[in-house]
Amino acid sequence: MGRSNIKFQYVHTVDGNTRLDPSSSNIMDMYILTRTYDINFRLWLTGVTATKPLLPSSDSLYTNFNTPLAKIKSISDTIVYHPVKYKILFGSQADTSLQSTFKIVKNSEQVTNDSDIKSRVITAINQFFALENWEFGDTFYFSELSTYVMNELAPDITTFVIVPKEGSKAFGSLFEIKSENDEIFISGAKVSDVEIIDAVTASKLKADGNITTSSSTVSTLSGTLPASSSSSSSSSGGSSGGSGY
């Protein structure tokens, strides 16, 4: 079994003040979000372009970024390039398990316009999910979004809640969402995903809506649901991350 009578000889010469490591012992995973992908993805998300952009390949990232990084990395370092993708939340372009409706209660003591309130809510959500506010692999907490939106629209609204559209999900199931190391959040919510209600009741917190998939739209209605209140990893010691800007 195996192989026999094999001789191996490794010959090298270096300067007297140089130490040579013949193996790459430190593998570094580099997660990169390129500017071109970011721009093209946002154009597709807003409906300016019809085709969803493809992620850059690892080979293209190597071609674009390895030359300058090779000059500063150690001889034992090996860099593996990973493209970062967006994880869409809330809107019809998001995964069905992440599609939702925002329901708000207006302040009865303020004179406000429904369309203006909805537009301002979407603007506040987009500001919350600005690229500079997030890192790869972050966790989204709805309590933070709710606090931000309430502060931005005070005193015009009194309540801001999120209700999943998928019938199998209960109220509160989208209060915490985790992204992977190669993902970063972006909001796909539109004005049509905001609903103004009179009060927060059990009937208003139903998972009721149109679930948009890649091939069809299915109307779902569930029963009453209970109400309730640049990142990186290294396999052997190295770590790095970047936005590609």
# chains A, B, ... in the order shown; residues from 1 in each chain; ligands from 1
call {"tool": "residues_around", "arguments": {"residues": "range 36-50 of chain A", "least_positions_apart": "6", "cutoff": "12 Å", "atoms": "only C-alpha atoms", "output": "list in words"}}
result
Pro56, Ser57, Leu61, Pro83, Val84, Lys85, Tyr86, Lys87, Ile88, Leu89, Gly91, Ser92, Gln93, Ala94, Asn126, Ala130, Leu131, Ile184, Phe185, Ile186, Ser187, Gly188, Ala189, Lys190, Ser243, Gly244 and Tyr245 of chain A
call {"tool": "write_last_selection", "arguments": {"atoms": "N, CA, C and O atoms", "output": "compact mmCIF listing (two decimals), in the first residue's frame"}}
result
# COMPACT_ATOMS: atom_id res chain seq x y z
N PRO A 56 -19.27 39.51 -8.55
CA PRO A 56 -17.95 39.32 -9.16
C PRO A 56 -17.37 37.98 -8.73
O PRO A 56 -17.60 37.52 -7.62
N SER A 57 -16.64 37.35 -9.61
CA SER A 57 -16.04 36.06 -9.29
C SER A 57 -14.80 36.24 -8.42
O SER A 57 -14.23 37.33 -8.34
N LEU A 61 -11.81 39.25 -8.51
CA LEU A 61 -11.34 39.94 -7.31
C LEU A 61 -9.83 39.77 -7.14
O LEU A 61 -9.13 40.70 -6.76
N PRO A 83 -16.51 37.36 -2.75
CA PRO A 83 -17.40 38.48 -3.05
C PRO A 83 -18.52 38.57 -2.01
O PRO A 83 -19.04 37.55 -1.55
N VAL A 84 -18.87 39.78 -1.61
CA VAL A 84 -19.95 40.00 -0.65
C VAL A 84 -21.24 40.30 -1.40
O VAL A 84 -21.25 41.07 -2.36
N LYS A 85 -22.33 39.70 -0.97
CA LYS A 85 -23.63 39.91 -1.59
C LYS A 85 -24.58 40.61 -0.63
O LYS A 85 -24.39 40.57 0.60
N TYR A 86 -25.58 41.27 -1.18
CA TYR A 86 -26.57 41.95 -0.37
C TYR A 86 -27.65 40.97 0.08
O TYR A 86 -28.07 40.09 -0.68
N LYS A 87 -28.10 41.14 1.32
CA LYS A 87 -29.23 40.38 1.85
C LYS A 87 -30.41 41.34 1.94
O LYS A 87 -30.43 42.23 2.79
N ILE A 88 -31.39 41.17 1.04
CA ILE A 88 -32.52 42.10 0.96
C ILE A 88 -33.52 41.78 2.07
O ILE A 88 -33.87 40.63 2.31
N LEU A 89 -33.98 42.84 2.73
CA LEU A 89 -34.98 42.69 3.78
C LEU A 89 -36.28 43.39 3.37
O LEU A 89 -36.25 44.43 2.71
N GLY A 91 -38.92 43.93 1.40
CA GLY A 91 -39.66 44.17 0.16
C GLY A 91 -39.98 42.90 -0.61
O GLY A 91 -39.61 41.78 -0.25
N SER A 92 -40.67 43.08 -1.75
CA SER A 92 -41.08 41.95 -2.59
C SER A 92 -39.90 41.25 -3.24
O SER A 92 -40.02 40.11 -3.69
N GLN A 93 -38.73 41.93 -3.31
CA GLN A 93 -37.56 41.30 -3.91
C GLN A 93 -36.75 40.50 -2.89
O GLN A 93 -35.79 39.83 -3.24
N ALA A 94 -37.17 40.55 -1.62
CA ALA A 94 -36.51 39.78 -0.58
C ALA A 94 -36.99 38.33 -0.62
O ALA A 94 -37.99 38.00 -1.27
N ASN A 126 -34.37 53.56 4.80
CA ASN A 126 -33.21 53.56 3.90
C ASN A 126 -32.00 54.21 4.56
O ASN A 126 -30.85 53.76 4.36
N ALA A 130 -28.16 52.47 5.54
CA ALA A 130 -27.06 53.02 4.74
C ALA A 130 -25.84 52.13 4.88
O ALA A 130 -25.56 51.55 5.94
N LEU A 131 -25.09 51.99 3.80
CA LEU A 131 -23.97 51.05 3.75
C LEU A 131 -22.96 51.27 4.87
O LEU A 131 -22.43 50.32 5.45
N ILE A 184 -24.37 41.48 3.52
CA ILE A 184 -24.60 42.75 4.18
C ILE A 184 -26.03 43.18 3.89
O ILE A 184 -26.55 42.93 2.79
N PHE A 185 -26.70 43.79 4.86
CA PHE A 185 -28.12 44.09 4.74
C PHE A 185 -28.38 45.27 3.81
O PHE A 185 -27.58 46.21 3.71
N ILE A 186 -29.55 45.22 3.17
CA ILE A 186 -30.08 46.35 2.40
C ILE A 186 -31.60 46.25 2.45
O ILE A 186 -32.15 45.15 2.45
N SER A 187 -32.27 47.37 2.54
CA SER A 187 -33.73 47.38 2.60
C SER A 187 -34.33 47.41 1.21
O SER A 187 -33.92 48.19 0.35
N GLY A 188 -35.32 46.54 0.99
CA GLY A 188 -36.06 46.54 -0.26
C GLY A 188 -37.49 47.05 -0.08
O GLY A 188 -38.32 46.90 -0.98
N ALA A 189 -37.77 47.67 1.09
CA ALA A 189 -39.12 48.14 1.39
C ALA A 189 -39.51 49.31 0.50
O ALA A 189 -38.68 50.17 0.19
N LYS A 190 -40.77 49.33 0.11
CA LYS A 190 -41.33 50.42 -0.69
C LYS A 190 -42.56 50.98 0.03
O LYS A 190 -43.01 50.42 1.03
N SER A 243 -14.11 46.76 1.99
CA SER A 243 -15.30 47.14 1.26
C SER A 243 -15.04 47.27 -0.24
O SER A 243 -15.97 47.36 -1.01
N GLY A 244 -13.82 47.32 -0.66
CA GLY A 244 -13.51 47.40 -2.06
C GLY A 244 -13.71 48.78 -2.64
O GLY A 244 -13.81 48.92 -3.84
N TYR A 245 -13.79 49.80 -1.81
CA TYR A 245 -13.98 51.15 -2.30
C TYR A 245 -12.65 51.89 -2.44
O TYR A 245 -11.78 51.77 -1.59
call {"tool": "residues_around", "arguments": {"residues": "Val105 in chain A", "least_positions_apart": "5", "cutoff": "7 Å", "atoms": "only C-alpha atoms", "output": "list in words"}}
result
Ile157, Thr158, Thr159, Phe160, Ile196, Ile197, Asp198 and Ala199 of chain A
call {"tool": "write_last_selection", "arguments": {"atoms": "C-alpha atoms", "output": "PDB file, in the first residue's frame"}}
result
ATOM      1  CA  ILE A 157     -46.530  58.573  14.768  1.00  0.00           C
ATOM      2  CA  THR A 158     -47.046  56.705  18.029  1.00  0.00           C
ATOM      3  CA  THR A 159     -46.504  53.059  17.031  1.00  0.00           C
ATOM      4  CA  PHE A 160     -44.279  51.283  14.503  1.00  0.00           C
ATOM      5  CA  ILE A 196     -51.459  52.914   8.477  1.00  0.00           C
ATOM      6  CA  ILE A 197     -53.776  51.386  11.102  1.00  0.00           C
ATOM      7  CA  ASP A 198     -56.016  52.837  13.802  1.00  0.00           C
ATOM      8  CA  ALA A 199     -54.670  50.751  16.690  1.00  0.00           C
TER       9      ALA A 199
END
call {"tool": "atom_distance", "arguments": {"atom1": "CA of Asp114 in chain A", "atom2": "CA of Phe102 in chain A"}}
result
13.5 Å
call {"tool": "residues_around", "arguments": {"residues": "Ser58 in chain A", "least_positions_apart": "3", "cutoff": "12 Å", "atoms": "only C-alpha atoms", "output": "list in words"}}
result
Asp29, Met30, Tyr31, Ile32, Leu33, Thr34, Leu55, Leu61, Tyr62, Thr63, Asn64, Phe65, Asn66, Ile79, Val80, Tyr81, His82, Pro83 and Val84 of chain A
call {"tool": "write_last_selection", "arguments": {"atoms": "N, CA, C and O atoms", "output": "PDB file, in the first residue's frame"}}
result
ATOM      1  N   ASP A  29      -9.065  34.962   4.715  1.00  0.00           N
ATOM      2  CA  ASP A  29     -10.284  35.124   3.934  1.00  0.00           C
ATOM      3  C   ASP A  29     -10.607  36.612   3.828  1.00  0.00           C
ATOM      4  O   ASP A  29     -10.865  37.259   4.836  1.00  0.00           O
ATOM      5  N   MET A  30     -10.614  37.132   2.608  1.00  0.00           N
ATOM      6  CA  MET A  30     -10.865  38.552   2.359  1.00  0.00           C
ATOM      7  C   MET A  30     -12.247  38.712   1.739  1.00  0.00           C
ATOM      8  O   MET A  30     -12.524  38.209   0.652  1.00  0.00           O
ATOM      9  N   TYR A  31     -13.151  39.405   2.464  1.00  0.00           N
ATOM     10  CA  TYR A  31     -14.511  39.643   1.982  1.00  0.00           C
ATOM     11  C   TYR A  31     -14.590  41.054   1.411  1.00  0.00           C
ATOM     12  O   TYR A  31     -14.303  42.034   2.102  1.00  0.00           O
ATOM     13  N   ILE A  32     -15.005  41.149   0.141  1.00  0.00           N
ATOM     14  CA  ILE A  32     -14.941  42.425  -0.578  1.00  0.00           C
ATOM     15  C   ILE A  32     -16.286  42.728  -1.236  1.00  0.00           C
ATOM     16  O   ILE A  32     -16.855  41.899  -1.940  1.00  0.00           O
ATOM     17  N   LEU A  33     -16.788  43.941  -0.994  1.00  0.00           N
ATOM     18  CA  LEU A  33     -17.947  44.475  -1.696  1.00  0.00           C
ATOM     19  C   LEU A  33     -17.443  45.537  -2.655  1.00  0.00           C
ATOM     20  O   LEU A  33     -16.949  46.579  -2.235  1.00  0.00           O
ATOM     21  N   THR A  34     -17.560  45.291  -3.937  1.00  0.00           N
ATOM     22  CA  THR A  34     -17.017  46.218  -4.925  1.00  0.00           C
ATOM     23  C   THR A  34     -18.011  47.349  -5.211  1.00  0.00           C
ATOM     24  O   THR A  34     -19.230  47.174  -5.101  1.00  0.00           O
ATOM     25  N   LEU A  55     -22.714  38.554  -9.015  1.00  0.00           N
ATOM     26  CA  LEU A  55     -21.587  38.801  -8.122  1.00  0.00           C
ATOM     27  C   LEU A  55     -20.270  38.687  -8.887  1.00  0.00           C
ATOM     28  O   LEU A  55     -20.149  37.863  -9.800  1.00  0.00           O
ATOM     29  N   LEU A  61     -11.809  39.251  -8.513  1.00  0.00           N
ATOM     30  CA  LEU A  61     -11.338  39.945  -7.309  1.00  0.00           C
ATOM     31  C   LEU A  61      -9.835  39.768  -7.140  1.00  0.00           C
ATOM     32  O   LEU A  61      -9.130  40.702  -6.756  1.00  0.00           O
ATOM     33  N   TYR A  62      -9.355  38.567  -7.436  1.00  0.00           N
ATOM     34  CA  TYR A  62      -7.907  38.310  -7.363  1.00  0.00           C
ATOM     35  C   TYR A  62      -7.162  39.202  -8.344  1.00  0.00           C
ATOM     36  O   TYR A  62      -6.126  39.794  -8.011  1.00  0.00           O
ATOM     37  N   THR A  63      -7.679  39.315  -9.560  1.00  0.00           N
ATOM     38  CA  THR A  63      -7.024  40.137 -10.577  1.00  0.00           C
ATOM     39  C   THR A  63      -6.978  41.603 -10.165  1.00  0.00           C
ATOM     40  O   THR A  63      -5.973  42.291 -10.359  1.00  0.00           O
ATOM     41  N   ASN A  64      -8.062  42.097  -9.557  1.00  0.00           N
ATOM     42  CA  ASN A  64      -8.162  43.516  -9.234  1.00  0.00           C
ATOM     43  C   ASN A  64      -7.444  43.912  -7.945  1.00  0.00           C
ATOM     44  O   ASN A  64      -7.004  45.050  -7.818  1.00  0.00           O
ATOM     45  N   PHE A  65      -7.335  42.981  -6.998  1.00  0.00           N
ATOM     46  CA  PHE A  65      -6.854  43.371  -5.677  1.00  0.00           C
ATOM     47  C   PHE A  65      -5.571  42.676  -5.234  1.00  0.00           C
ATOM     48  O   PHE A  65      -4.926  43.133  -4.289  1.00  0.00           O
ATOM     49  N   ASN A  66      -5.207  41.582  -5.879  1.00  0.00           N
ATOM     50  CA  ASN A  66      -4.061  40.827  -5.356  1.00  0.00           C
ATOM     51  C   ASN A  66      -2.732  41.537  -5.554  1.00  0.00           C
ATOM     52  O   ASN A  66      -1.846  41.441  -4.707  1.00  0.00           O
ATOM     53  N   ILE A  79      -4.115  34.635   0.475  1.00  0.00           N
ATOM     54  CA  ILE A  79      -5.373  35.365   0.554  1.00  0.00           C
ATOM     55  C   ILE A  79      -6.405  34.700  -0.349  1.00  0.00           C
ATOM     56  O   ILE A  79      -6.150  34.457  -1.524  1.00  0.00           O
ATOM     57  N   VAL A  80      -7.557  34.405   0.232  1.00  0.00           N
ATOM     58  CA  VAL A  80      -8.684  33.848  -0.524  1.00  0.00           C
ATOM     59  C   VAL A  80      -9.740  34.943  -0.629  1.00  0.00           C
ATOM     60  O   VAL A  80     -10.205  35.465   0.385  1.00  0.00           O
ATOM     61  N   TYR A  81     -10.150  35.300  -1.840  1.00  0.00           N
ATOM     62  CA  TYR A  81     -11.051  36.421  -2.064  1.00  0.00           C
ATOM     63  C   TYR A  81     -12.496  35.935  -2.179  1.00  0.00           C
ATOM     64  O   TYR A  81     -12.807  35.037  -2.957  1.00  0.00           O
ATOM     65  N   HIS A  82     -13.381  36.576  -1.389  1.00  0.00           N
ATOM     66  CA  HIS A  82     -14.802  36.223  -1.387  1.00  0.00           C
ATOM     67  C   HIS A  82     -15.636  37.448  -1.749  1.00  0.00           C
ATOM     68  O   HIS A  82     -15.518  38.497  -1.105  1.00  0.00           O
ATOM     69  N   PRO A  83     -16.508  37.362  -2.749  1.00  0.00           N
ATOM     70  CA  PRO A  83     -17.402  38.484  -3.047  1.00  0.00           C
ATOM     71  C   PRO A  83     -18.518  38.570  -2.010  1.00  0.00           C
ATOM     72  O   PRO A  83     -19.037  37.547  -1.548  1.00  0.00           O
ATOM     73  N   VAL A  84     -18.872  39.779  -1.615  1.00  0.00           N
ATOM     74  CA  VAL A  84     -19.946  39.998  -0.654  1.00  0.00           C
ATOM     75  C   VAL A  84     -21.239  40.302  -1.398  1.00  0.00           C
ATOM     76  O   VAL A  84     -21.249  41.072  -2.355  1.00  0.00           O
TER      77      VAL A  84
END
call {"tool": "select_by_dssp", "arguments": {"residues": "range 63-232 of chain A", "states": "strand (DSSP E)", "output": "ChimeraX atom specification"}}
result
/A:77-83,85-89,100-106,139-141,157-164,176-178,183-187,194-197,208-212,217-221
call {"tool": "closest_residue", "arguments": {"among": "A:Ser60, A:Gly167, A:Ser173, A:Lys103", "to": "Val200 in chain A", "atoms": "only C-alpha atoms"}}
result
A:Lys103
call {"tool": "closest_residue", "arguments": {"among": "A:Thr51, A:Ser179, A:Thr78, A:Asn26", "to": "Phe140 in chain A", "atoms": "only C-alpha atoms"}}
result
A:Ser179
call {"tool": "residues_around", "arguments": {"residues": "Val161 in chain A", "least_positions_apart": "4", "cutoff": "10 Å", "atoms": "only C-alpha atoms", "output": "compact mmCIF listing (two decimals) with C-alpha atoms, in the first residue's frame"}}
result
# COMPACT_ATOMS: atom_id res chain seq x y z
CA THR A 101 -45.40 44.94 6.13
CA PHE A 102 -44.73 47.90 8.40
CA LYS A 103 -47.81 48.99 10.31
CA ILE A 104 -47.92 52.37 11.98
CA VAL A 105 -50.37 54.30 14.13
CA PHE A 142 -35.99 45.49 14.83
CA SER A 143 -35.93 47.33 18.16
CA LEU A 145 -34.92 50.23 13.57
CA SER A 146 -38.12 51.02 15.47
CA PHE A 171 -45.63 38.33 14.85
CA GLY A 172 -42.13 38.94 16.22
CA PHE A 175 -37.34 41.02 15.25
CA VAL A 200 -52.46 47.74 17.39
CA LEU A 205 -51.04 41.73 13.50
CA SER A 229 -44.40 43.16 22.65
call {"tool": "atom_distance", "arguments": {"atom1": "CA of Asn181 in chain A", "atom2": "CA of Phe136 in chain A"}}
result
5.4 Å
